[in-house]
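Structure data follow from work18.pdb (PDB, C-alpha atoms (C1' of nucleotides)):
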```pdb
ATOM      1  CA  MET Z   1       0.000   0.000   0.000
ATOM      2  CA  THR Z   2       1.433   3.329  -1.069
ATOM      3  CA  GLU Z   3       1.728   6.556   0.855
ATOM      4  CA  ILE Z   4      -1.136   8.075  -1.063
ATOM      5  CA  GLU Z   5      -3.442   5.175  -0.326
ATOM      6  CA  LYS Z   6      -2.638   5.500   3.335
ATOM      7  CA  THR Z   7      -3.328   9.215   3.262
ATOM      8  CA  LEU Z   8      -6.690   8.679   1.650
ATOM      9  CA  GLU Z   9      -7.688   6.029   4.130
ATOM     10  CA  ASN Z  10      -6.642   8.239   6.984
ATOM     11  CA  HIS Z  11      -9.285  10.630   5.785
ATOM     12  CA  GLN Z  12     -11.935   7.972   5.395
ATOM     13  CA  VAL Z  13     -11.735   8.022   1.625
ATOM     14  CA  ARG Z  14     -11.549   4.755  -0.210
ATOM     15  CA  PRO Z  15      -8.473   4.750  -2.421
ATOM     16  CA  THR Z  16      -9.838   4.008  -5.844
ATOM     17  CA  ALA Z  17      -7.693   4.204  -8.947
ATOM     18  CA  MET Z  18      -9.217   7.484  -9.993
ATOM     19  CA  ARG Z  19      -8.744   9.086  -6.613
ATOM     20  CA  ILE Z  20      -5.145   8.046  -6.374
ATOM     21  CA  LEU Z  21      -4.474   9.549  -9.774
ATOM     22  CA  ILE Z  22      -6.159  12.805  -8.890
ATOM     23  CA  TYR Z  23      -4.367  12.987  -5.580
ATOM     24  CA  LYS Z  24      -1.073  12.431  -7.331
ATOM     25  CA  TYR Z  25      -1.890  15.155  -9.809
ATOM     26  CA  LEU Z  26      -2.675  17.596  -7.038
ATOM     27  CA  ALA Z  27       0.473  16.688  -5.163
ATOM     28  CA  GLU Z  28       2.691  17.258  -8.167
ATOM     29  CA  LYS Z  29       1.201  20.621  -8.977
ATOM     30  CA  LYS Z  30       2.605  23.253  -6.692
ATOM     31  CA  ILE Z  31      -0.161  25.693  -7.492
ATOM     32  CA  THR Z  32      -3.876  25.591  -6.957
ATOM     33  CA  VAL Z  33      -5.935  23.999  -9.683
ATOM     34  CA  ALA Z  34      -9.367  24.530 -11.109
ATOM     35  CA  LEU Z  35     -11.717  21.743 -11.993
ATOM     36  CA  THR Z  36     -11.116  22.447 -15.651
ATOM     37  CA  ASP Z  37      -7.395  21.920 -15.126
ATOM     38  CA  ILE Z  38      -8.010  18.467 -13.764
ATOM     39  CA  GLU Z  39     -10.418  17.904 -16.585
ATOM     40  CA  SER Z  40      -7.836  18.565 -19.246
ATOM     41  CA  ALA Z  41      -5.261  16.513 -17.383
ATOM     42  CA  PHE Z  42      -7.659  13.566 -17.314
ATOM     43  CA  ALA Z  43      -9.387  13.968 -20.617
ATOM     44  CA  LYS Z  44     -10.579  10.400 -20.593
ATOM     45  CA  ALA Z  45     -12.368  10.698 -17.303
ATOM     46  CA  GLU Z  46     -15.767  12.187 -16.735
ATOM     47  CA  ARG Z  47     -16.173  15.726 -15.550
ATOM     48  CA  THR Z  48     -18.669  14.591 -12.957
ATOM     49  CA  THR Z  49     -16.315  12.067 -11.501
ATOM     50  CA  LEU Z  50     -13.613  14.652 -11.037
ATOM     51  CA  TYR Z  51     -16.119  17.030  -9.577
ATOM     52  CA  ARG Z  52     -17.326  14.515  -7.071
ATOM     53  CA  THR Z  53     -13.861  13.314  -6.271
ATOM     54  CA  ILE Z  54     -12.764  16.815  -5.373
ATOM     55  CA  LYS Z  55     -15.937  17.262  -3.379
ATOM     56  CA  THR Z  56     -15.219  14.109  -1.440
ATOM     57  CA  PHE Z  57     -11.647  15.224  -0.895
ATOM     58  CA  GLU Z  58     -12.832  18.535   0.423
ATOM     59  CA  GLU Z  59     -15.441  17.070   2.729
ATOM     60  CA  ASN Z  60     -12.797  14.855   4.214
ATOM     61  CA  GLY Z  61     -10.166  17.491   4.691
ATOM     62  CA  ILE Z  62      -7.826  16.381   1.952
ATOM     63  CA  VAL Z  63      -8.067  19.541  -0.095
ATOM     64  CA  HIS Z  64      -9.348  23.023   0.573
ATOM     65  CA  HIS Z  65     -10.892  25.317  -1.948
ATOM     66  CA  ILE Z  66      -9.780  28.836  -2.702
ATOM     67  CA  GLU Z  67     -11.798  31.708  -4.026
ATOM     68  CA  ASP Z  68      -9.184  33.747  -5.771
ATOM     69  CA  GLY Z  69     -11.541  36.280  -7.229
ATOM     70  CA  THR Z  70     -11.457  34.912 -10.736
ATOM     71  CA  GLY Z  71     -14.870  33.432 -10.129
ATOM     72  CA  ILE Z  72     -13.440  29.984 -10.670
ATOM     73  CA  THR Z  73     -13.018  27.815  -7.618
ATOM     74  CA  LYS Z  74      -9.501  26.528  -7.161
ATOM     75  CA  TYR Z  75      -8.329  23.629  -5.049
ATOM     76  CA  ALA Z  76      -5.141  22.720  -3.295
ATOM     77  CA  LEU Z  77      -3.987  19.888  -1.082
ATOM     78  CA  CYS Z  78      -4.095  20.671   2.580
ATOM     79  CA  GLU Z  79      -0.799  20.719   4.383
ATOM     80  CA  PRO Z  80      -0.308  17.898   6.883
ATOM     81  CA  GLY Z  81      -2.335  18.817   9.910
ATOM     82  CA  CYS Z  82      -4.021  21.684   8.130
ATOM     83  CA  ASN Z  83      -7.290  22.682   9.673
ATOM     84  CA  CYS Z  84      -8.799  24.957   7.095
ATOM     85  CA  ASP Z  85     -11.845  25.617   9.220
ATOM     86  CA  LEU Z  86     -10.058  27.212  12.113
ATOM     87  CA  GLU Z  87      -9.327  30.886  11.901
ATOM     88  CA  GLN Z  88      -5.746  30.559  13.036
ATOM     89  CA  ASP Z  89      -4.979  28.234  10.196
ATOM     90  CA  LEU Z  90      -6.046  30.599   7.460
ATOM     91  CA  HIS Z  91      -3.227  31.251   5.127
ATOM     92  CA  LEU Z  92      -3.406  33.679   2.285
ATOM     93  CA  HIS Z  93      -3.262  33.223  -1.438
ATOM     94  CA  PHE Z  94      -1.599  35.060  -4.227
ATOM     95  CA  HIS Z  95      -3.095  35.391  -7.653
ATOM     96  CA  CYS Z  96      -0.811  36.399 -10.509
ATOM     97  CA  HIS Z  97      -2.622  38.243 -13.240
ATOM     98  CA  ASN Z  98       0.157  37.491 -15.659
ATOM     99  CA  CYS Z  99       0.226  33.703 -15.625
ATOM    100  CA  ASP Z 100      -3.229  33.547 -14.046
ATOM    101  CA  GLU Z 101      -2.018  31.118 -11.434
ATOM    102  CA  THR Z 102      -2.918  31.113  -7.781
ATOM    103  CA  VAL Z 103      -0.560  29.848  -5.117
ATOM    104  CA  CYS Z 104      -0.990  29.122  -1.443
ATOM    105  CA  LEU Z 105       1.345  31.088   0.778
ATOM    106  CA  THR Z 106       0.927  28.698   3.627
ATOM    107  CA  GLU Z 107       3.487  30.332   5.824
ATOM    108  CA  HIS Z 108       1.656  33.654   5.674
ATOM    109  CA  LYS Z 109      -1.324  33.842   7.970
ATOM    110  CA  ILE Z 110      -4.082  36.380   7.776
ATOM    111  CA  PRO Z 111      -3.549  39.059  10.417
ATOM    112  CA  HIS Z 112      -6.232  39.542  12.991
ATOM    113  CA  ILE Z 113      -8.687  42.330  12.302
ATOM    114  CA  ASN Z 114     -10.696  44.281  14.825
ATOM    115  CA  LEU Z 115     -14.270  44.451  13.712
ATOM    116  CA  PRO Z 116     -17.030  46.835  14.728
ATOM    117  CA  ASP Z 117     -19.308  45.721  17.539
ATOM    118  CA  GLY Z 118     -21.752  43.052  16.613
ATOM    119  CA  TYR Z 119     -19.701  41.514  13.873
ATOM    120  CA  VAL Z 120     -18.463  38.003  14.557
ATOM    121  CA  ALA Z 121     -15.879  36.694  12.129
ATOM    122  CA  GLU Z 122     -15.568  32.962  11.796
ATOM    123  CA  ASN Z 123     -13.611  32.776   8.650
ATOM    124  CA  ALA Z 124     -11.539  34.928   6.362
ATOM    125  CA  ASN Z 125     -10.256  34.978   2.842
ATOM    126  CA  LEU Z 126      -7.359  37.108   1.748
ATOM    127  CA  VAL Z 127      -6.141  37.125  -1.812
ATOM    128  CA  LEU Z 128      -3.276  39.313  -2.907
ATOM    129  CA  LYS Z 129      -3.024  40.057  -6.588
ATOM    130  CA  GLY Z 130      -0.103  41.074  -8.666
ATOM    131  CA  ILE Z 131       2.913  39.498 -10.251
ATOM    132  CA  CYS Z 132       4.253  36.259  -8.904
ATOM    133  CA  GLU Z 133       7.836  35.285  -8.333
ATOM    134  CA  LYS Z 134       8.019  33.350 -11.584
ATOM    135  CA  CYS Z 135       6.683  36.174 -13.718
ATOM    136  CA  SER Z 136       8.561  39.019 -12.058
ATOM    137  CA  GLY Z 137      11.758  37.304 -13.154
ATOM    138  CA  ARG Z 138      13.534  37.090  -9.831
TER     139      ARG Z 138
ATOM    140  CA  MET P   1     -29.981  69.110 -12.441
ATOM    141  CA  THR P   2     -29.946  66.829  -9.433
ATOM    142  CA  GLU P   3     -27.041  65.720  -7.305
ATOM    143  CA  ILE P   4     -27.007  62.330  -8.935
ATOM    144  CA  GLU P   5     -26.876  63.749 -12.422
ATOM    145  CA  LYS P   6     -23.947  65.897 -11.403
ATOM    146  CA  THR P   7     -22.160  62.927  -9.891
ATOM    147  CA  LEU P   8     -22.596  60.912 -13.048
ATOM    148  CA  GLU P   9     -21.329  63.716 -15.238
ATOM    149  CA  ASN P  10     -18.350  64.192 -12.986
ATOM    150  CA  HIS P  11     -17.412  60.650 -13.898
ATOM    151  CA  GLN P  12     -17.990  61.140 -17.610
ATOM    152  CA  VAL P  13     -21.176  59.111 -17.584
ATOM    153  CA  ARG P  14     -24.191  60.529 -19.331
ATOM    154  CA  PRO P  15     -27.082  60.694 -16.887
ATOM    155  CA  THR P  16     -29.774  58.720 -18.606
ATOM    156  CA  ALA P  17     -33.015  57.862 -16.864
ATOM    157  CA  MET P  18     -31.950  54.256 -16.378
ATOM    158  CA  ARG P  19     -28.602  55.179 -14.931
ATOM    159  CA  ILE P  20     -30.071  57.658 -12.510
ATOM    160  CA  LEU P  21     -32.498  55.047 -11.261
ATOM    161  CA  ILE P  22     -29.782  52.476 -10.811
ATOM    162  CA  TYR P  23     -27.539  54.960  -9.070
ATOM    163  CA  LYS P  24     -30.373  55.868  -6.731
ATOM    164  CA  TYR P  25     -31.005  52.217  -6.007
ATOM    165  CA  LEU P  26     -27.355  51.639  -5.177
ATOM    166  CA  ALA P  27     -27.252  54.731  -2.979
ATOM    167  CA  GLU P  28     -30.275  53.658  -0.973
ATOM    168  CA  LYS P  29     -28.973  50.162  -0.374
ATOM    169  CA  LYS P  30     -26.395  50.170   2.339
ATOM    170  CA  ILE P  31     -25.088  46.801   1.381
ATOM    171  CA  THR P  32     -23.431  45.510  -1.731
ATOM    172  CA  VAL P  33     -25.698  44.220  -4.463
ATOM    173  CA  ALA P  34     -25.488  41.530  -7.073
ATOM    174  CA  LEU P  35     -26.610  41.944 -10.629
ATOM    175  CA  THR P  36     -29.580  39.727  -9.919
ATOM    176  CA  ASP P  37     -30.648  42.057  -7.114
ATOM    177  CA  ILE P  38     -30.772  44.979  -9.489
ATOM    178  CA  GLU P  39     -32.563  42.754 -11.927
ATOM    179  CA  SER P  40     -35.377  41.974  -9.551
ATOM    180  CA  ALA P  41     -35.586  45.585  -8.477
ATOM    181  CA  PHE P  42     -35.963  46.661 -12.093
ATOM    182  CA  ALA P  43     -37.941  43.790 -13.485
ATOM    183  CA  LYS P  44     -39.091  45.807 -16.451
ATOM    184  CA  ALA P  45     -35.595  46.613 -17.621
ATOM    185  CA  GLU P  46     -33.330  44.380 -19.604
ATOM    186  CA  ARG P  47     -30.647  42.377 -17.891
ATOM    187  CA  THR P  48     -28.123  43.446 -20.480
ATOM    188  CA  THR P  49     -28.800  47.090 -19.835
ATOM    189  CA  LEU P  50     -28.238  46.663 -16.133
ATOM    190  CA  TYR P  51     -25.158  44.630 -16.812
ATOM    191  CA  ARG P  52     -23.709  47.242 -19.088
ATOM    192  CA  THR P  53     -24.738  50.094 -16.839
ATOM    193  CA  ILE P  54     -22.858  48.603 -13.936
ATOM    194  CA  LYS P  55     -19.930  47.965 -16.217
ATOM    195  CA  THR P  56     -19.915  51.582 -17.276
ATOM    196  CA  PHE P  57     -20.187  52.669 -13.657
ATOM    197  CA  GLU P  58     -17.271  50.515 -12.733
ATOM    198  CA  GLU P  59     -15.082  51.667 -15.587
ATOM    199  CA  ASN P  60     -15.702  55.240 -14.580
ATOM    200  CA  GLY P  61     -15.053  54.796 -10.894
ATOM    201  CA  ILE P  62     -18.625  55.132  -9.706
ATOM    202  CA  VAL P  63     -18.894  51.659  -8.259
ATOM    203  CA  HIS P  64     -16.393  48.997  -7.333
ATOM    204  CA  HIS P  65     -16.994  45.301  -7.477
ATOM    205  CA  ILE P  66     -16.487  42.883  -4.633
ATOM    206  CA  GLU P  67     -15.668  39.237  -4.790
ATOM    207  CA  ASP P  68     -17.130  37.977  -1.570
ATOM    208  CA  GLY P  69     -16.462  34.345  -2.193
ATOM    209  CA  THR P  70     -20.015  33.419  -3.038
ATOM    210  CA  GLY P  71     -19.010  33.310  -6.669
ATOM    211  CA  ILE P  72     -21.430  36.092  -7.435
ATOM    212  CA  THR P  73     -19.934  39.484  -8.125
ATOM    213  CA  LYS P  74     -21.300  42.207  -5.892
ATOM    214  CA  TYR P  75     -21.182  45.944  -6.452
ATOM    215  CA  ALA P  76     -21.178  48.975  -4.213
ATOM    216  CA  LEU P  77     -20.939  52.701  -4.724
ATOM    217  CA  CYS P  78     -17.502  54.110  -4.197
ATOM    218  CA  GLU P  79     -17.093  56.536  -1.365
ATOM    219  CA  PRO P  80     -16.417  60.114  -2.422
ATOM    220  CA  GLY P  81     -12.797  60.261  -3.448
ATOM    221  CA  CYS P  82     -12.453  56.492  -3.355
ATOM    222  CA  ASN P  83      -9.629  55.186  -5.437
ATOM    223  CA  CYS P  84     -10.278  51.492  -5.531
ATOM    224  CA  ASP P  85      -7.213  50.832  -7.634
ATOM    225  CA  LEU P  86      -4.705  52.086  -5.125
ATOM    226  CA  GLU P  87      -3.542  49.672  -2.510
ATOM    227  CA  GLN P  88      -3.970  52.098   0.342
ATOM    228  CA  ASP P  89      -7.616  52.533  -0.436
ATOM    229  CA  LEU P  90      -8.493  48.879  -0.156
ATOM    230  CA  HIS P  91     -11.107  48.385   2.468
ATOM    231  CA  LEU P  92     -12.344  45.022   3.532
ATOM    232  CA  HIS P  93     -15.697  43.369   3.232
ATOM    233  CA  PHE P  94     -17.784  41.291   5.521
ATOM    234  CA  HIS P  95     -20.015  38.521   4.333
ATOM    235  CA  CYS P  96     -22.734  37.275   6.659
ATOM    236  CA  HIS P  97     -23.619  33.666   6.078
ATOM    237  CA  ASN P  98     -26.886  34.136   7.878
ATOM    238  CA  CYS P  99     -28.526  36.864   5.825
ATOM    239  CA  ASP P 100     -26.131  36.290   2.935
ATOM    240  CA  GLU P 101     -25.393  39.986   2.676
ATOM    241  CA  THR P 102     -22.039  41.571   2.094
ATOM    242  CA  VAL P 103     -21.143  44.973   3.456
ATOM    243  CA  CYS P 104     -18.241  47.312   2.859
ATOM    244  CA  LEU P 105     -16.299  48.157   5.969
ATOM    245  CA  THR P 106     -14.831  51.252   4.443
ATOM    246  CA  GLU P 107     -13.104  52.413   7.565
ATOM    247  CA  HIS P 108     -11.188  49.144   7.886
ATOM    248  CA  LYS P 109      -8.204  48.942   5.603
ATOM    249  CA  ILE P 110      -6.358  45.815   4.675
ATOM    250  CA  PRO P 111      -3.141  45.566   6.685
ATOM    251  CA  HIS P 112       0.086  45.458   4.804
ATOM    252  CA  ILE P 113       1.533  42.005   4.224
ATOM    253  CA  ASN P 114       5.156  41.141   3.711
ATOM    254  CA  LEU P 115       5.478  38.854   0.762
ATOM    255  CA  PRO P 116       8.279  36.515  -0.219
ATOM    256  CA  ASP P 117      10.885  37.863  -2.618
ATOM    257  CA  GLY P 118       9.723  38.201  -6.169
ATOM    258  CA  TYR P 119       6.083  38.676  -5.390
ATOM    259  CA  VAL P 120       4.706  42.089  -6.244
ATOM    260  CA  ALA P 121       1.256  42.821  -4.888
ATOM    261  CA  GLU P 122      -0.784  45.420  -6.674
ATOM    262  CA  ASN P 123      -4.135  44.659  -5.245
ATOM    263  CA  ALA P 124      -5.750  42.770  -2.438
ATOM    264  CA  ASN P 125      -9.088  41.360  -1.484
ATOM    265  CA  LEU P 126      -9.998  40.526   2.080
ATOM    266  CA  VAL P 127     -13.368  39.119   2.970
ATOM    267  CA  LEU P 128     -14.271  38.236   6.526
ATOM    268  CA  LYS P 129     -17.103  35.802   6.991
ATOM    269  CA  GLY P 130     -19.360  35.249   9.912
ATOM    270  CA  ILE P 131     -22.380  36.866  11.474
ATOM    271  CA  CYS P 132     -23.104  40.507  10.862
ATOM    272  CA  GLU P 133     -24.222  43.117  13.317
ATOM    273  CA  LYS P 134     -27.851  42.804  12.289
ATOM    274  CA  CYS P 135     -27.964  39.021  12.652
ATOM    275  CA  SER P 136     -25.946  38.757  15.849
ATOM    276  CA  GLY P 137     -28.658  40.812  17.523
ATOM    277  CA  ARG P 138     -26.543  43.553  19.010
TER     278      ARG P 138
ATOM    279  C1'  DA B   1     -18.681 -18.858  -4.569
ATOM    280  C1'  DA B   2     -23.255 -16.566  -5.002
ATOM    281  C1'  DA B   3     -26.192 -13.064  -3.444
ATOM    282  C1'  DT B   4     -26.630  -8.648  -1.753
ATOM    283  C1'  DA B   5     -25.749  -4.083  -0.239
ATOM    284  C1'  DG B   6     -23.104  -0.111  -0.745
ATOM    285  C1'  DT B   7     -20.034   2.893  -3.065
ATOM    286  C1'  DG B   8     -18.029   4.868  -7.274
ATOM    287  C1'  DT B   9     -18.253   6.183 -12.098
ATOM    288  C1'  DG B  10     -20.231   7.520 -16.673
ATOM    289  C1'  DC B  11     -23.747   9.774 -19.277
ATOM    290  C1'  DA B  12     -27.142  13.243 -20.006
ATOM    291  C1'  DA B  13     -29.198  17.098 -18.833
ATOM    292  C1'  DC B  14     -30.283  21.334 -16.118
ATOM    293  C1'  DG B  15     -29.554  26.025 -14.195
ATOM    294  C1'  DG B  16     -27.512  30.317 -13.120
ATOM    295  C1'  DA B  17     -24.475  33.905 -14.239
ATOM    296  C1'  DA B  18     -21.605  36.261 -17.532
ATOM    297  C1'  DG B  19     -20.847  37.842 -21.970
ATOM    298  C1'  DT B  20     -21.583  39.096 -27.267
ATOM    299  C1'  DG B  21     -23.679  40.617 -31.785
ATOM    300  C1'  DC B  22     -26.981  43.127 -33.832
ATOM    301  C1'  DA B  23     -30.998  45.850 -34.568
ATOM    302  C1'  DA B  24     -33.774  49.528 -32.733
ATOM    303  C1'  DT B  25     -34.122  53.516 -30.237
ATOM    304  C1'  DT B  26     -32.615  57.760 -28.144
ATOM    305  C1'  DA B  27     -29.688  61.616 -27.313
ATOM    306  C1'  DT B  28     -26.214  65.071 -29.030
ATOM    307  C1'  DC B  29     -24.194  68.210 -32.115
ATOM    308  C1'  DG B  30     -23.501  70.589 -36.460
TER     309       DG B  30
ATOM    310  C1'  DC X   1     -33.703  69.025 -39.361
ATOM    311  C1'  DG X   2     -30.288  65.513 -40.468
ATOM    312  C1'  DA X   3     -26.096  62.947 -39.395
ATOM    313  C1'  DT X   4     -23.632  60.647 -35.951
ATOM    314  C1'  DA X   5     -22.668  58.478 -31.764
ATOM    315  C1'  DA X   6     -24.245  56.480 -27.501
ATOM    316  C1'  DT X   7     -27.676  53.640 -25.159
ATOM    317  C1'  DT X   8     -30.999  50.043 -24.798
ATOM    318  C1'  DG X   9     -33.564  45.696 -25.899
ATOM    319  C1'  DC X  10     -33.627  41.024 -27.722
ATOM    320  C1'  DA X  11     -31.726  36.649 -28.900
ATOM    321  C1'  DC X  12     -28.178  33.638 -28.301
ATOM    322  C1'  DT X  13     -23.966  31.505 -26.558
ATOM    323  C1'  DT X  14     -20.650  29.914 -23.314
ATOM    324  C1'  DC X  15     -18.852  28.392 -19.086
ATOM    325  C1'  DC X  16     -18.963  26.401 -14.643
ATOM    326  C1'  DG X  17     -21.278  24.009 -11.134
ATOM    327  C1'  DT X  18     -24.661  20.682 -10.050
ATOM    328  C1'  DT X  19     -28.037  16.748 -10.004
ATOM    329  C1'  DG X  20     -30.552  12.316 -11.408
ATOM    330  C1'  DC X  21     -30.256   7.984 -13.053
ATOM    331  C1'  DA X  22     -28.267   3.769 -14.581
ATOM    332  C1'  DC X  23     -24.556   0.738 -14.615
ATOM    333  C1'  DA X  24     -20.082  -1.086 -12.778
ATOM    334  C1'  DC X  25     -17.354  -2.184  -9.312
ATOM    335  C1'  DT X  26     -16.064  -3.479  -4.421
ATOM    336  C1'  DA X  27     -16.984  -5.229  -0.008
ATOM    337  C1'  DT X  28     -19.703  -8.109   2.930
ATOM    338  C1'  DT X  29     -22.548 -11.775   4.298
ATOM    339  C1'  DT X  30     -24.163 -16.399   4.188
TER     340       DT X  30
END
```

Can I see the file as structure tokens?
Amino acid sequence: MTEIEKTLENHQVRPTAMRILIYKYLAEKKITVALTDIESAFAKAERTTLYRTIKTFEENGIVHHIEDGTGITKYALCEPGCNCDLEQDLHLHFHCHNCDETVCLTEHKIPHINLPDGYVAENANLVLKGICEKCSGR
Amino acid sequence: MTEIEKTLENHQVRPTAMRILIYKYLAEKKITVALTDIESAFAKAERTTLYRTIKTFEENGIVHHIEDGTGITKYALCEPGCNCDLEQDLHLHFHCHNCDETVCLTEHKIPHINLPDGYVAENANLVLKGICEKCSGR
DNA sequence: AAATAGTGTGCAACGGAAGTGCAATTATCG
DNA sequence: CGATAATTGCACTTCCGTTGCACACTATTT
């Protein structure tokens, strides 16, 4: 049994062939991916299957989704021990408008914000936009 | 000539009847609105017209759009002198998952973030999610 | 090993939101 | 008034996310 299979089982996800492939794909990609990206990577597979696979992954804490402001939902593997629900675990994302890629900056947490009375924040989403490392040529 | 007409002309937008109505609608609403909201408020008008009106407003700095993570683009009137492009003018938004409304917290700016080398941020989007003032009952 | 239940996958179709092309209408200016 | 440009309405298209249903596969039970 491979590492990936173990990881899936640890999250109560049955390691089917498809799921292992998709997990591998996500692990190799350093950046966040859209459903359409997975689609073109697995042209033979059904869109629905990929959709539901990602959904299962997300429900079981294997990936988290990112709203990077493009209107297209992106996904990325959770770091080991990542608890995307908890406020203190919220890292920020960077969207490059040159290559149109979004990356997780897992080491950068979202600073705490003081809200007006009555507002209770449970979650936060911070996306910085600009030119990424790769495109700025440094 | 009314205040609204003057405002529109100041932004190089011809004050047509439709545009004045939409501006008024936006001004009355305290919260951000989606295209569909405007649509239902102006059931007689064409979707395309509303769509293009908002687009014109945005291009001319009358409204700014907000990506609140619902996947639906929201719009809100810019404050007087608001320069939504500039980083220092970026205020944050709050999305209530109870009433599903998004508000601008114009007085709260997005804190500056130190990015890794090579990353150049030109823009930022911070959305806090939770329960708003109205729904928390305080 | 056969029967059965449960889960996963493929196919087809739907729905909402965004966007485009074009014709018709309206405003603006000479 | 007539020409020209901007605005609006209508019809369509596209794209992404989602669901329902049937079949295939896997696991479990006897």

Counting all atoms listed in the file, the residue among P:Lys129, P:Lys74, P:His91, P:Arg47 that lies closest to DC10 of chain X is P:Arg47

Nearest residue to Arg19 of chain P out of P:Phe42, P:Gly61, P:Thr53, P:Leu105, using all atoms listed in the file?
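Ranked by minimum distance to Arg19 of chain P, first place goes to P:Thr53.
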
Spell out the residues picked by the PyMOL selection byres ((chain B and resi 6) around 12) here, as a VMD selection string.
(chain B and resid 4 to 5 7 to 8) or (chain X and resid 25 to 28)

So what does the PyMOL selection byres ((chain Z) within 9 of (chain B)) actually pick up in this one, as a PDB file with C-alpha atoms, in the frame of the given file?
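And here is the file that came out, selection-v8.pdb:
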```pdb
ATOM      1  CA  THR Z  16      -9.838   4.008  -5.844  1.00  0.00           C
ATOM      2  CA  ALA Z  45     -12.368  10.698 -17.303  1.00  0.00           C
ATOM      3  CA  GLU Z  46     -15.767  12.187 -16.735  1.00  0.00           C
ATOM      4  CA  THR Z  48     -18.669  14.591 -12.957  1.00  0.00           C
ATOM      5  CA  THR Z  49     -16.315  12.067 -11.501  1.00  0.00           C
TER       6      THR Z  49
END
```

Could you tell me how far atom CA of Leu8 of chain P sits from atom CA of Phe57 of chain P, in Å to one decimal place?
8.6 Å

Which residues of chain Z sit at most 10 Å from chain X, using only C-alpha atoms (C1' of nucleotides)? Give each one's shortest atom pair and distance in Å (one decimal place), in chain and ascending residue order, as JSON lines.
```
{"residue": "Z:Thr16", "atom": "CA", "partner": "X:DT26", "partner_atom": "C1'", "distance": 9.8}
{"residue": "Z:Leu35", "atom": "CA", "partner": "X:DC16", "partner_atom": "C1'", "distance": 9.0}
{"residue": "Z:Thr36", "atom": "CA", "partner": "X:DC16", "partner_atom": "C1'", "distance": 8.8}
{"residue": "Z:Thr48", "atom": "CA", "partner": "X:DT18", "partner_atom": "C1'", "distance": 9.0}
{"residue": "Z:Tyr51", "atom": "CA", "partner": "X:DG17", "partner_atom": "C1'", "distance": 8.8}
{"residue": "Z:Gly71", "atom": "CA", "partner": "X:DC16", "partner_atom": "C1'", "distance": 9.3}
{"residue": "Z:Ile72", "atom": "CA", "partner": "X:DC16", "partner_atom": "C1'", "distance": 7.7}
{"residue": "Z:Thr73", "atom": "CA", "partner": "X:DC16", "partner_atom": "C1'", "distance": 9.3}
```

At a cut-off of 10 Å, list the chain P residues touching chain Z, using all atoms listed in the file, as a ChimeraX atom specification.
/P:66-73,92-97,105,107-138

Pull out every residue that the PyMOL selection byres ((chain Z and resi 7) around 12) matches in the shown coordinates and put them as a list of chain:residue names.
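With the PyMOL selection byres ((chain Z and resi 7) around 12) on this model, the match is Z:Met1, Z:Thr2, Z:Glu3, Z:Ile4, Z:Glu5, Z:Lys6, Z:Leu8, Z:Glu9, Z:Asn10, Z:His11, Z:Gln12, Z:Val13, Z:Arg14, Z:Pro15, Z:Arg19, Z:Ile20, Z:Tyr23, Z:Lys24, Z:Ala27, Z:Phe57, Z:Asn60, Z:Gly61, Z:Ile62, Z:Val63, Z:Leu77, Z:Cys78, Z:Glu79, Z:Pro80, Z:Gly81.
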
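Atom CA of Leu50 of chain P is positioned 26.6 Å from atom CA of Asp89 of chain P.
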
One decimal, Å: what's the distance from atom CA of Cys84 of chain Z over to atom CA of Lys30 of chain Z, could you say?
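Going from atom CA of Cys84 of chain Z over to atom CA of Lys30 of chain Z, I get 18.0 Å.
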
Please enclose the listed atoms of segment 13-29 of chain B in an axis-aligned box, pad each side by 3 Å, and write out the centre and the three edge lengths in Å, rounded to one decimal, as JSON.
```
{"center_x": -27.5, "center_y": 42.7, "center_z": -23.8, "size_x": 19.3, "size_y": 57.1, "size_z": 27.4}
```
